[in-house]
>>> print(open('work-v4.json').read())   # JSON, C-alpha atoms and all ligand atoms
[["chain", "number", "residue", "atom", "x", "y", "z"],
["A", 19, "MET", "CA", -32.09, -129.08, 40.35],
["A", 20, "PRO", "CA", -35.54, -128.63, 38.81],
["A", 21, "THR", "CA", -36.72, -126.35, 41.64],
["A", 22, "PRO", "CA", -34.99, -124.63, 44.58],
["A", 23, "ILE", "CA", -37.49, -126.08, 47.07],
["A", 24, "GLY", "CA", -36.08, -128.96, 49.08],
["A", 25, "LEU", "CA", -37.10, -131.23, 51.94],
["A", 26, "ALA", "CA", -34.96, -130.68, 55.05],
["A", 27, "ALA", "CA", -33.08, -133.39, 56.91],
["A", 28, "GLY", "CA", -34.80, -135.48, 59.55],
["A", 29, "PHE", "CA", -37.92, -136.56, 57.65],
["A", 30, "ASP", "CA", -36.35, -139.60, 56.02],
["A", 31, "LYS", "CA", -33.62, -140.46, 58.46],
["A", 32, "ASP", "CA", -32.83, -143.89, 56.99],
["A", 33, "CYS", "CA", -33.16, -142.81, 53.34],
["A", 34, "ASN", "CA", -36.10, -145.17, 52.83],
["A", 35, "VAL", "CA", -38.41, -143.05, 50.65],
["A", 36, "LEU", "CA", -36.24, -140.43, 48.94],
["A", 37, "ARG", "CA", -37.51, -141.33, 45.47],
["A", 38, "SER", "CA", -41.17, -140.96, 46.48],
["A", 39, "LEU", "CA", -40.44, -137.64, 48.18],
["A", 40, "LEU", "CA", -38.79, -136.31, 45.01],
["A", 41, "ASN", "CA", -41.82, -137.46, 43.02],
["A", 42, "LEU", "CA", -44.00, -135.13, 45.11],
["A", 43, "GLY", "CA", -42.23, -132.18, 43.54],
["A", 44, "PHE", "CA", -39.30, -131.38, 45.79],
["A", 45, "GLY", "CA", -36.34, -130.16, 43.77],
["A", 46, "PHE", "CA", -34.02, -131.96, 46.16],
["A", 47, "VAL", "CA", -34.25, -133.94, 49.39],
["A", 48, "SER", "CA", -31.91, -134.46, 52.31],
["A", 49, "GLY", "CA", -31.65, -137.98, 53.67],
["A", 50, "GLY", "CA", -30.55, -138.52, 57.28],
["A", 51, "THR", "CA", -29.26, -137.33, 59.64],
["A", 52, "ILE", "CA", -27.28, -140.56, 59.45],
["A", 53, "THR", "CA", -24.98, -141.63, 62.27],
["A", 54, "LEU", "CA", -22.36, -144.37, 62.06],
["A", 55, "ALA", "CA", -24.08, -146.78, 64.48],
["A", 56, "SER", "CA", -27.79, -147.34, 64.92],
["A", 57, "ARG", "CA", -29.35, -145.26, 67.71],
["A", 58, "PRO", "CA", -32.65, -145.54, 69.57],
["A", 59, "GLY", "CA", -33.01, -141.77, 69.95],
["A", 60, "ASN", "CA", -34.51, -140.12, 73.01],
["A", 61, "PRO", "CA", -37.38, -141.59, 75.07],
["A", 62, "LYS", "CA", -40.96, -140.72, 74.00],
["A", 63, "PRO", "CA", -42.87, -138.45, 73.93],
["A", 64, "ARG", "CA", -40.33, -136.79, 71.66],
["A", 65, "VAL", "CA", -42.48, -134.84, 69.17],
["A", 66, "ILE", "CA", -45.32, -132.52, 70.06],
["A", 67, "ARG", "CA", -47.58, -130.54, 67.76],
["A", 68, "LEU", "CA", -48.54, -126.92, 68.35],
["A", 69, "PRO", "CA", -51.27, -126.76, 65.68],
["A", 70, "ASN", "CA", -52.35, -123.19, 66.44],
["A", 71, "GLU", "CA", -48.87, -121.98, 65.66],
["A", 72, "LYS", "CA", -48.22, -124.50, 62.86],
["A", 73, "ALA", "CA", -45.15, -125.52, 64.80],
["A", 74, "LEU", "CA", -43.57, -128.62, 66.30],
["A", 75, "ILE", "CA", -41.21, -129.24, 69.15],
["A", 76, "ASN", "CA", -39.05, -132.33, 68.79],
["A", 77, "SER", "CA", -36.41, -134.04, 70.85],
["A", 78, "MET", "CA", -35.85, -137.01, 68.53],
["A", 79, "GLY", "CA", -32.11, -137.35, 69.18],
["A", 80, "PHE", "CA", -31.23, -139.07, 65.88],
["A", 81, "PRO", "CA", -33.13, -142.36, 66.02],
["A", 82, "GLY", "CA", -31.94, -144.36, 63.04],
["A", 83, "ARG", "CA", -30.59, -147.65, 61.79],
["A", 84, "GLY", "CA", -27.09, -146.34, 61.20],
["A", 85, "LEU", "CA", -24.81, -146.01, 58.20],
["A", 86, "GLU", "CA", -24.90, -149.46, 56.58],
["A", 87, "PRO", "CA", -28.66, -149.78, 55.97],
["A", 88, "ALA", "CA", -28.74, -146.18, 54.71],
["A", 89, "ILE", "CA", -25.94, -146.95, 52.24],
["A", 90, "LYS", "CA", -27.93, -149.88, 50.87],
["A", 91, "ARG", "CA", -30.94, -147.62, 50.37],
["A", 92, "LEU", "CA", -28.89, -144.86, 48.74],
["A", 93, "GLN", "CA", -27.43, -147.36, 46.30],
["A", 94, "ARG", "CA", -30.95, -147.86, 44.96],
["A", 95, "THR", "CA", -31.51, -144.18, 44.22],
["A", 96, "GLN", "CA", -28.40, -143.55, 42.15],
["A", 97, "GLY", "CA", -30.47, -142.47, 39.13],
["A", 98, "LEU", "CA", -31.66, -139.52, 41.23],
["A", 99, "LYS", "CA", -28.37, -138.88, 42.97],
["A", 100, "GLU", "CA", -28.06, -135.33, 41.59],
["A", 101, "ARG", "CA", -31.07, -134.32, 43.69],
["A", 102, "ILE", "CA", -30.10, -136.01, 46.94],
["A", 103, "LEU", "CA", -28.12, -134.55, 49.83],
["A", 104, "VAL", "CA", -27.15, -136.68, 52.80],
["A", 105, "SER", "CA", -26.95, -135.29, 56.32],
["A", 106, "ILE", "CA", -24.39, -136.84, 58.65],
["A", 107, "ALA", "CA", -23.43, -136.30, 62.28],
["A", 108, "GLY", "CA", -21.31, -137.80, 65.01],
["A", 109, "THR", "CA", -19.81, -136.90, 68.34],
["A", 110, "ILE", "CA", -16.19, -137.57, 67.39],
["A", 111, "GLU", "CA", -14.30, -136.82, 64.20],
["A", 112, "ASP", "CA", -13.67, -140.46, 63.26],
["A", 113, "GLU", "CA", -17.39, -141.28, 63.18],
["A", 114, "ILE", "CA", -18.03, -138.33, 60.89],
["A", 115, "PHE", "CA", -15.15, -139.22, 58.58],
["A", 116, "ASP", "CA", -16.41, -142.80, 58.28],
["A", 117, "CYS", "CA", -19.89, -141.60, 57.32],
["A", 118, "PHE", "CA", -18.49, -138.99, 54.94],
["A", 119, "HIS", "CA", -16.26, -141.43, 53.07],
["A", 120, "ARG", "CA", -19.11, -143.85, 52.51],
["A", 121, "VAL", "CA", -21.88, -141.44, 51.53],
["A", 122, "GLN", "CA", -20.20, -138.83, 49.40],
["A", 123, "SER", "CA", -20.10, -140.94, 46.24],
["A", 124, "LEU", "CA", -23.83, -141.67, 46.62],
["A", 125, "ALA", "CA", -25.15, -138.10, 46.80],
["A", 126, "ALA", "CA", -24.94, -134.66, 45.18],
["A", 127, "GLY", "CA", -23.64, -133.16, 48.41],
["A", 128, "VAL", "CA", -23.20, -133.76, 52.11],
["A", 129, "GLU", "CA", -24.64, -131.78, 55.01],
["A", 130, "LEU", "CA", -22.68, -131.78, 58.23],
["A", 131, "ASN", "CA", -25.12, -131.42, 61.10],
["A", 132, "ILE", "CA", -23.48, -129.76, 64.09],
["A", 133, "SER", "CA", -26.67, -128.12, 65.22],
["A", 134, "SER", "CA", -29.27, -130.55, 66.50],
["A", 135, "PRO", "CA", -30.25, -129.30, 69.95],
["A", 136, "ASN", "CA", -31.22, -132.85, 70.94],
["A", 137, "THR", "CA", -27.98, -134.74, 70.87],
["A", 138, "ALA", "CA", -25.52, -134.39, 73.68],
["A", 139, "GLY", "CA", -22.04, -134.22, 72.24],
["A", 140, "LEU", "CA", -22.64, -132.29, 69.00],
["A", 141, "ARG", "CA", -21.79, -129.04, 70.72],
["A", 142, "ILE", "CA", -18.10, -129.91, 70.75],
["A", 143, "PHE", "CA", -18.06, -128.73, 67.14],
["A", 144, "HIS", "CA", -19.23, -125.29, 68.27],
["A", 145, "GLU", "CA", -15.67, -124.80, 69.39],
["A", 146, "THR", "CA", -14.06, -123.07, 66.42],
["A", 147, "GLY", "CA", -10.71, -124.90, 66.61],
["A", 148, "ARG", "CA", -12.44, -128.26, 66.62],
["A", 149, "LEU", "CA", -14.79, -127.27, 63.77],
["A", 150, "ARG", "CA", -11.92, -125.97, 61.67],
["A", 151, "GLY", "CA", -9.94, -129.20, 62.08],
["A", 152, "LEU", "CA", -12.95, -131.30, 61.15],
["A", 153, "ILE", "CA", -13.90, -129.28, 58.08],
["A", 154, "GLU", "CA", -10.35, -128.95, 56.81],
["A", 155, "GLY", "CA", -10.06, -132.74, 57.02],
["A", 156, "LEU", "CA", -13.35, -133.27, 55.16],
["A", 157, "ALA", "CA", -12.62, -130.56, 52.60],
["A", 158, "ALA", "CA", -9.30, -132.19, 51.73],
["A", 159, "GLU", "CA", -11.11, -135.37, 50.73],
["A", 160, "LYS", "CA", -14.40, -134.15, 49.38],
["A", 161, "THR", "CA", -15.53, -134.91, 45.85],
["A", 162, "VAL", "CA", -18.98, -133.25, 46.22],
["A", 163, "PRO", "CA", -20.09, -129.96, 47.81],
["A", 164, "LEU", "CA", -19.97, -129.90, 51.61],
["A", 165, "PHE", "CA", -22.56, -127.92, 53.61],
["A", 166, "VAL", "CA", -22.61, -127.12, 57.30],
["A", 167, "LYS", "CA", -25.99, -126.78, 58.99],
["A", 168, "LEU", "CA", -25.83, -124.02, 61.58],
["A", 169, "PRO", "CA", -27.79, -123.59, 64.78],
["A", 170, "PRO", "CA", -30.13, -120.57, 64.70],
["A", 171, "TRP", "CA", -29.38, -117.19, 66.23],
["A", 172, "SER", "CA", -31.36, -113.99, 66.52],
["A", 173, "ARG", "CA", -30.58, -110.30, 66.64],
["A", 174, "GLY", "CA", -29.62, -109.32, 70.14],
["A", 175, "ASP", "CA", -28.96, -112.95, 71.00],
["A", 176, "ALA", "CA", -25.76, -113.54, 72.98],
["A", 177, "ASP", "CA", -25.06, -116.50, 70.68],
["A", 178, "ARG", "CA", -25.20, -114.44, 67.49],
["A", 179, "ARG", "CA", -21.56, -113.46, 67.38],
["A", 180, "GLU", "CA", -20.48, -116.98, 68.33],
["A", 181, "ILE", "CA", -22.55, -118.63, 65.59],
["A", 182, "LEU", "CA", -21.48, -116.15, 62.92],
["A", 183, "LYS", "CA", -17.91, -116.91, 63.97],
["A", 184, "LEU", "CA", -18.65, -120.60, 63.42],
["A", 185, "ALA", "CA", -20.00, -119.77, 59.96],
["A", 186, "GLU", "CA", -16.89, -117.78, 59.15],
["A", 187, "THR", "CA", -14.66, -120.59, 60.39],
["A", 188, "ALA", "CA", -16.54, -123.15, 58.32],
["A", 189, "ILE", "CA", -16.18, -121.04, 55.17],
["A", 190, "ASP", "CA", -12.52, -120.38, 55.79],
["A", 191, "ALA", "CA", -11.93, -124.10, 56.35],
["A", 192, "GLY", "CA", -13.43, -124.96, 52.97],
["A", 193, "VAL", "CA", -17.18, -125.60, 53.05],
["A", 194, "ASP", "CA", -19.14, -124.89, 49.88],
["A", 195, "GLY", "CA", -22.32, -123.80, 51.57],
["A", 196, "LEU", "CA", -24.26, -123.13, 54.77],
["A", 197, "ILE", "CA", -27.71, -124.30, 55.78],
["A", 198, "VAL", "CA", -29.40, -121.64, 57.86],
["A", 199, "ALA", "CA", -30.64, -123.10, 60.16],
["A", 200, "ASN", "CA", -31.69, -125.94, 62.47],
["A", 201, "THR", "CA", -34.47, -125.89, 65.10],
["A", 202, "ARG", "CA", -34.51, -123.35, 67.94],
["A", 203, "PRO", "CA", -33.74, -124.83, 71.40],
["A", 204, "ILE", "CA", -36.71, -124.59, 73.73],
["A", 205, "GLU", "CA", -37.90, -126.13, 77.01],
["A", 206, "SER", "CA", -41.11, -128.15, 77.15],
["A", 207, "ASN", "CA", -42.43, -130.31, 79.96],
["A", 208, "GLN", "CA", -44.51, -132.26, 77.43],
["A", 209, "LEU", "CA", -41.34, -133.88, 76.15],
["A", 210, "LYS", "CA", -39.87, -136.71, 78.17],
["A", 211, "VAL", "CA", -36.40, -135.14, 78.13],
["A", 212, "GLY", "CA", -37.80, -131.68, 78.98],
["A", 213, "ARG", "CA", -36.33, -129.77, 76.05],
["A", 214, "GLY", "CA", -36.19, -129.91, 72.28],
["A", 215, "GLY", "CA", -36.12, -127.86, 69.10],
["A", 216, "LEU", "CA", -38.90, -125.57, 67.87],
["A", 217, "SER", "CA", -39.70, -125.65, 64.15],
["A", 218, "GLY", "CA", -42.35, -124.23, 61.85],
["A", 219, "GLU", "CA", -44.06, -120.90, 61.30],
["A", 220, "PRO", "CA", -42.70, -119.01, 64.36],
["A", 221, "LEU", "CA", -39.19, -119.35, 62.89],
["A", 222, "PHE", "CA", -39.74, -117.61, 59.56],
["A", 223, "GLU", "CA", -39.15, -114.01, 60.54],
["A", 224, "ASN", "CA", -35.84, -114.92, 62.08],
["A", 225, "THR", "CA", -34.85, -117.03, 59.07],
["A", 226, "GLU", "CA", -35.05, -113.88, 56.94],
["A", 227, "LEU", "CA", -32.84, -111.97, 59.38],
["A", 228, "MET", "CA", -30.28, -114.78, 59.51],
["A", 229, "ILE", "CA", -30.06, -114.96, 55.71],
["A", 230, "ALA", "CA", -29.42, -111.21, 55.63],
["A", 231, "ASP", "CA", -26.65, -111.66, 58.23],
["A", 232, "VAL", "CA", -24.98, -114.49, 56.33],
["A", 233, "GLN", "CA", -25.36, -112.78, 52.98],
["A", 234, "ALA", "CA", -23.69, -109.65, 54.36],
["A", 235, "MET", "CA", -20.84, -111.78, 55.66],
["A", 236, "THR", "CA", -20.27, -113.91, 52.57],
["A", 237, "ASN", "CA", -21.06, -111.53, 49.70],
["A", 238, "GLY", "CA", -22.48, -114.36, 47.63],
["A", 239, "ASP", "CA", -19.22, -116.35, 47.71],
["A", 240, "ILE", "CA", -20.83, -119.58, 48.92],
["A", 241, "GLY", "CA", -24.17, -121.35, 48.62],
["A", 242, "ILE", "CA", -26.80, -120.52, 51.23],
["A", 243, "ILE", "CA", -29.76, -122.79, 51.85],
["A", 244, "ALA", "CA", -32.47, -121.12, 53.95],
["A", 245, "CYS", "CA", -34.49, -123.30, 56.34],
["A", 246, "GLY", "CA", -36.98, -122.46, 59.08],
["A", 247, "GLY", "CA", -40.70, -121.77, 58.99],
["A", 248, "ILE", "CA", -41.19, -121.70, 55.21],
["A", 249, "SER", "CA", -44.68, -122.57, 53.98],
["A", 250, "THR", "CA", -45.59, -120.21, 51.09],
["A", 251, "SER", "CA", -44.14, -119.36, 47.67],
["A", 252, "LYS", "CA", -43.92, -115.68, 48.67],
["A", 253, "GLN", "CA", -41.67, -116.69, 51.55],
["A", 254, "VAL", "CA", -39.55, -118.73, 49.12],
["A", 255, "TRP", "CA", -39.29, -115.65, 46.89],
["A", 256, "LYS", "CA", -38.24, -113.42, 49.81],
["A", 257, "LEU", "CA", -35.45, -115.74, 50.86],
["A", 258, "LEU", "CA", -34.15, -116.21, 47.31],
["A", 259, "ALA", "CA", -34.26, -112.42, 46.91],
["A", 260, "SER", "CA", -32.25, -112.06, 50.14],
["A", 261, "GLY", "CA", -29.41, -114.23, 48.91],
["A", 262, "ALA", "CA", -30.40, -117.86, 49.48],
["A", 263, "SER", "CA", -29.73, -120.16, 46.51],
["A", 264, "ALA", "CA", -32.32, -122.69, 47.66],
["A", 265, "ILE", "CA", -34.65, -123.40, 50.58],
["A", 266, "GLN", "CA", -35.56, -126.42, 52.66],
["A", 267, "LEU", "CA", -38.68, -127.09, 54.71],
["A", 268, "TYR", "CA", -40.01, -129.74, 57.04],
["A", 269, "THR", "CA", -42.78, -128.67, 59.44],
["A", 270, "SER", "CA", -45.08, -127.08, 56.83],
["A", 271, "PHE", "CA", -44.98, -130.42, 54.97],
["A", 272, "ILE", "CA", -46.38, -132.08, 58.12],
["A", 273, "TYR", "CA", -49.25, -129.58, 58.38],
["A", 274, "GLU", "CA", -50.00, -129.05, 54.67],
["A", 275, "GLY", "CA", -49.47, -132.58, 53.40],
["A", 276, "PRO", "CA", -47.94, -134.15, 50.29],
["A", 277, "GLY", "CA", -49.41, -131.58, 47.86],
["A", 278, "LEU", "CA", -47.27, -128.81, 49.34],
["A", 279, "PRO", "CA", -44.12, -129.00, 47.17],
["A", 280, "ALA", "CA", -46.14, -128.98, 43.93],
["A", 281, "ARG", "CA", -48.22, -126.03, 45.19],
["A", 282, "LEU", "CA", -45.09, -124.08, 46.12],
["A", 283, "ASN", "CA", -43.50, -124.76, 42.73],
["A", 284, "LYS", "CA", -46.61, -123.55, 40.93],
["A", 285, "GLY", "CA", -46.86, -120.51, 43.18],
["A", 286, "LEU", "CA", -43.25, -119.57, 42.54],
["A", 287, "VAL", "CA", -43.74, -119.85, 38.78],
["A", 288, "ARG", "CA", -46.85, -117.62, 39.02],
["A", 289, "LEU", "CA", -44.89, -115.01, 40.93],
["A", 290, "MET", "CA", -42.07, -115.15, 38.39],
["A", 291, "ASP", "CA", -44.55, -114.81, 35.51],
["A", 292, "ALA", "CA", -46.16, -111.82, 37.22],
["A", 293, "ALA", "CA", -42.73, -110.23, 37.62],
["A", 294, "GLY", "CA", -41.79, -111.06, 34.02],
["A", 295, "ILE", "CA", -38.73, -113.13, 34.88],
["A", 296, "ALA", "CA", -37.71, -116.56, 33.66],
["A", 297, "SER", "CA", -34.87, -117.55, 35.97],
["A", 298, "ILE", "CA", -34.73, -117.79, 39.77],
["A", 299, "ASP", "CA", -31.39, -116.00, 39.54],
["A", 300, "ASP", "CA", -33.34, -112.86, 38.58],
["A", 301, "ILE", "CA", -35.56, -112.91, 41.69],
["A", 302, "SER", "CA", -35.08, -109.72, 43.70],
["A", 303, "GLY", "CA", -37.03, -107.30, 45.88],
["A", 304, "GLU", "CA", -40.49, -108.01, 47.26],
["A", 305, "PRO", "CA", -42.71, -110.67, 45.61],
["A", 306, "PRO", "CA", -45.41, -109.37, 43.23],
["A", 307, "ASN", "CA", -48.66, -108.63, 45.02],
["A", 308, "ILE", "CA", -50.85, -111.38, 43.55],
["A", 309, "LYS", "CA", -53.12, -113.87, 45.37],
["B", 401, "LIG", "C1", -39.20, -134.13, 63.83],
["B", 401, "LIG", "C2", -37.98, -133.39, 63.31],
["B", 401, "LIG", "C3", -36.79, -134.08, 63.11],
["B", 401, "LIG", "C4", -35.66, -133.40, 62.63],
["B", 401, "LIG", "N1", -34.51, -134.12, 62.43],
["B", 401, "LIG", "C5", -33.43, -133.48, 61.89],
["B", 401, "LIG", "C6", -32.25, -134.20, 61.59],
["B", 401, "LIG", "O1", -32.15, -135.43, 61.77],
["B", 401, "LIG", "N2", -31.21, -133.49, 61.06],
["B", 401, "LIG", "C7", -31.25, -132.16, 60.81],
["B", 401, "LIG", "O2", -30.27, -131.58, 60.33],
["B", 401, "LIG", "N3", -32.39, -131.45, 61.07],
["B", 401, "LIG", "C8", -33.45, -132.09, 61.59],
["B", 401, "LIG", "N4", -34.60, -131.38, 61.83],
["B", 401, "LIG", "C9", -34.62, -129.92, 61.57],
["B", 401, "LIG", "C10", -35.19, -129.60, 60.19],
["B", 401, "LIG", "O3", -34.39, -130.16, 59.18],
["B", 401, "LIG", "C11", -35.25, -128.06, 59.99],
["B", 401, "LIG", "O4", -33.94, -127.52, 60.08],
["B", 401, "LIG", "C12", -36.13, -127.37, 61.03],
["B", 401, "LIG", "O5", -37.26, -128.15, 61.34],
["B", 401, "LIG", "C13", -36.58, -125.98, 60.56],
["B", 401, "LIG", "O6", -37.34, -126.05, 59.38],
["B", 401, "LIG", "P1", -38.99, -126.07, 59.37],
["B", 401, "LIG", "O7", -39.43, -124.90, 60.19],
["B", 401, "LIG", "O8", -39.35, -125.98, 57.93],
["B", 401, "LIG", "O9", -39.39, -127.37, 59.98],
["B", 401, "LIG", "C14", -35.74, -132.02, 62.33],
["B", 401, "LIG", "C15", -36.95, -131.35, 62.50],
["B", 401, "LIG", "C16", -38.07, -132.00, 62.96],
["B", 401, "LIG", "C17", -39.37, -131.24, 63.13]]
>>> encode(input="work-v4.json", output="structure tokens")
Amino acid sequence: MPTPIGLAAGFDKDCNVLRSLLNLGFGFVSGGTITLASRPGNPKPRVIRLPNEKALINSMGFPGRGLEPAIKRLQRTQGLKERILVSIAGTIEDEIFDCFHRVQSLAAGVELNISSPNTAGLRIFHETGRLRGLIEGLAAEKTVPLFVKLPPWSRGDADRREILKLAETAIDAGVDGLIVANTRPIESNQLKVGRGGLSGEPLFENTELMIADVQAMTNGDIGIIACGGISTSKQVWKLLASGASAIQLYTSFIYEGPGLPARLNKGLVRLMDAAGIASIDDISGEPPNIK
């Protein structure tokens, strides 16, 4: 990939504009999350902006046209396939297998989304036995790297041990990488369904801690994609230095606009120049102190 800065899943759910998004300067983009059948998603209002915090709360619930239209779109971006991941989800194994079989030949990798807080039914894959069975089945048939997107946790959080156990199970069952992480569950009476997922700036600090947790657990054996609250090239540096192989963002793109990926790429190159390094593999420690 030309840069380690990617667009996270959920922006282009039906894979309609992946080419244009790549042209803005993202190194890679994730289409989806795709589900087998079309879905209306949750009732509106289902996205609210918190501009002072540069954050969003969403309860989208996977609105989308379903697998078939997405396949047709993906077939048109095959020249860029090496820079496209596809996110899939379902509430039973068969749905996920059907999506997986159809999309894997059309993308560089597949993200399995078990972590949207907005879709009743996904939590069944937070049961380690069920997750193991699913991933072992997918891993046996995969021809491209398979990633699992985890729900977030924080230090002192009762869920932390449970989610790290899920990560361990996923690795043991054969995934190639982890995406750390999805939105943070939160209540909001401004959303029709009363709760959703928080994204954007407030997540960043915890993203760093989660990457440290996962890095300590995996020792660099698998790919880690960091996601949550990233909006500056110094933050990209910090996460790459902590063990992530790439990053994804979404909410900062909403607030900063289409120039953001190009600005982040330039910023990262400036930091690397200031540190005298030529490869992102050599990024370590704190970013150089330049403006
Ligand atoms: C409106 C909205 C829709 C999202 N839809 C999806 C989705 O379909 N699949 C998914 O894996 N993540 C989805 N996400 C989560 C993002 O991919 C990302 O994990 C999260 O927003 C944290 O990154 P950020 O702080 O850079 O936004 C969505 C996020 C937002 C704000």
>>> residues_around(input="work-v4.json", residues="Leu156 in chain A", least_positions_apart="5", cutoff="12 Å", atoms="all atoms listed in the file", output="PyMOL selection string")
chain A and resi 111-112+114-119+122+128-130+149-151+161-166+188+191-194
>>> residues_around(input="work-v4.json", residues="Leu168 in chain A", least_positions_apart="3", cutoff="7 Å", atoms="only C-alpha atoms", output="VMD selection string")
chain A and resid 132 to 133 197 to 200
>>> residues_around(input="work-v4.json", residues="Ser251 in chain A", least_positions_apart="6", cutoff="9 Å", atoms="all atoms listed in the file", output="list of chain:residue names")
A:Arg281, A:Leu282, A:Asn283, A:Lys284, A:Gly285, A:Leu286, A:Val287, A:Leu289
>>> residues_around(input="work-v4.json", residues="Ala234 in chain A", least_positions_apart="6", cutoff="12 Å", atoms="all atoms listed in the file", output="ChimeraX atom specification")
/A:182,186,227-228,240,242,260-262
>>> closest_residue(input="work-v4.json", among="A:Ala259, A:Met78, A:Ala292, A:Leu40", to="ligand LIG 401 (chain B)", atoms="only C-alpha atoms and all ligand atoms")
A:Met78
>>> closest_atom_pairs(input="work-v4.json", of="chain A", to="ligand LIG 401 (chain B)", cutoff="6 Å", atoms="all atoms listed in the file", output="CSV")
residue,atom,partner,partner_atom,distance
A:Ala26,CA,B:LIG401,O3,4.2
A:Ala27,CA,B:LIG401,O3,4.2
A:Gly28,CA,B:LIG401,N1,3.2
A:Gly50,CA,B:LIG401,O1,5.7
A:Thr51,CA,B:LIG401,O1,4.1
A:Leu74,CA,B:LIG401,C17,5.9
A:Asn76,CA,B:LIG401,C1,5.3
A:Phe80,CA,B:LIG401,O1,5.6
A:Asn131,CA,B:LIG401,O2,5.2
A:Ala199,CA,B:LIG401,O4,5.5
A:Asn200,CA,B:LIG401,O4,3.6
A:Thr201,CA,B:LIG401,C12,4.6
A:Ser217,CA,B:LIG401,O7,4.0
A:Gly218,CA,B:LIG401,O7,3.4
A:Cys245,CA,B:LIG401,O6,5.0
A:Gly246,CA,B:LIG401,O6,3.6
A:Gly247,CA,B:LIG401,O7,3.6
A:Ile248,CA,B:LIG401,O8,5.4
A:Leu267,CA,B:LIG401,O8,3.5
A:Tyr268,CA,B:LIG401,O9,3.8
A:Thr269,CA,B:LIG401,O9,3.7
A:Ser270,CA,B:LIG401,O8,5.9
>>> residues_around(input="work-v4.json", residues="Pro81 in chain A", least_positions_apart="6", cutoff="12 Å", atoms="all atoms listed in the file", output="JSON, numbers by chain")
{"A": [28, 29, 30, 31, 32, 50, 51, 52, 53, 54, 55, 56, 57, 58, 59, 60, 61, 62, 64, 136, 137]}
>>> atom_distance(input="work-v4.json", atom1="CA of Val254 in chain A", atom2="CA of Ile272 in chain A")
17.5 Å
>>> atom_distance(input="work-v4.json", atom1="CA of Gly195 in chain A", atom2="CA of Met19 in chain A")
15.8 Å
>>> axis_aligned_box(input="work-v4.json", around="range 153-163 of chain A", padding_each_side="6 Å", output="JSON")
{"center_x": -14.7, "center_y": -132.2, "center_z": 52.0, "size_x": 22.8, "size_y": 18.4, "size_z": 24.2}
>>> closest_residue(input="work-v4.json", among="A:Ile298, A:Ile102, A:Ala88, A:Ala73", to="Leu36 in chain A", atoms="only C-alpha atoms")
A:Ile102
>>> closest_residue(input="work-v4.json", among="A:Ile75, A:Ala126, A:Leu92, A:Ala185", to="Glu219 in chain A", atoms="all atoms listed in the file")
A:Ile75
>>> atom_distance(input="work-v4.json", atom1="CA of Gly24 in chain A", atom2="CA of Asn41 in chain A")
11.9 Å
>>> closest_residue(input="work-v4.json", among="A:Ala230, A:Leu196, A:Ile106, A:Ile153", to="Ala264 in chain A", atoms="only C-alpha atoms")
A:Leu196
>>> closest_residue(input="work-v4.json", among="A:Asp231, A:Glu71, A:Ser263, A:Phe46", to="Ile243 in chain A", atoms="all atoms listed in the file")
A:Ser263
>>> closest_residue(input="work-v4.json", among="A:Met235, A:Ile89, A:Leu98, A:Ile181", to="Leu39 in chain A", atoms="only C-alpha atoms")
A:Leu98
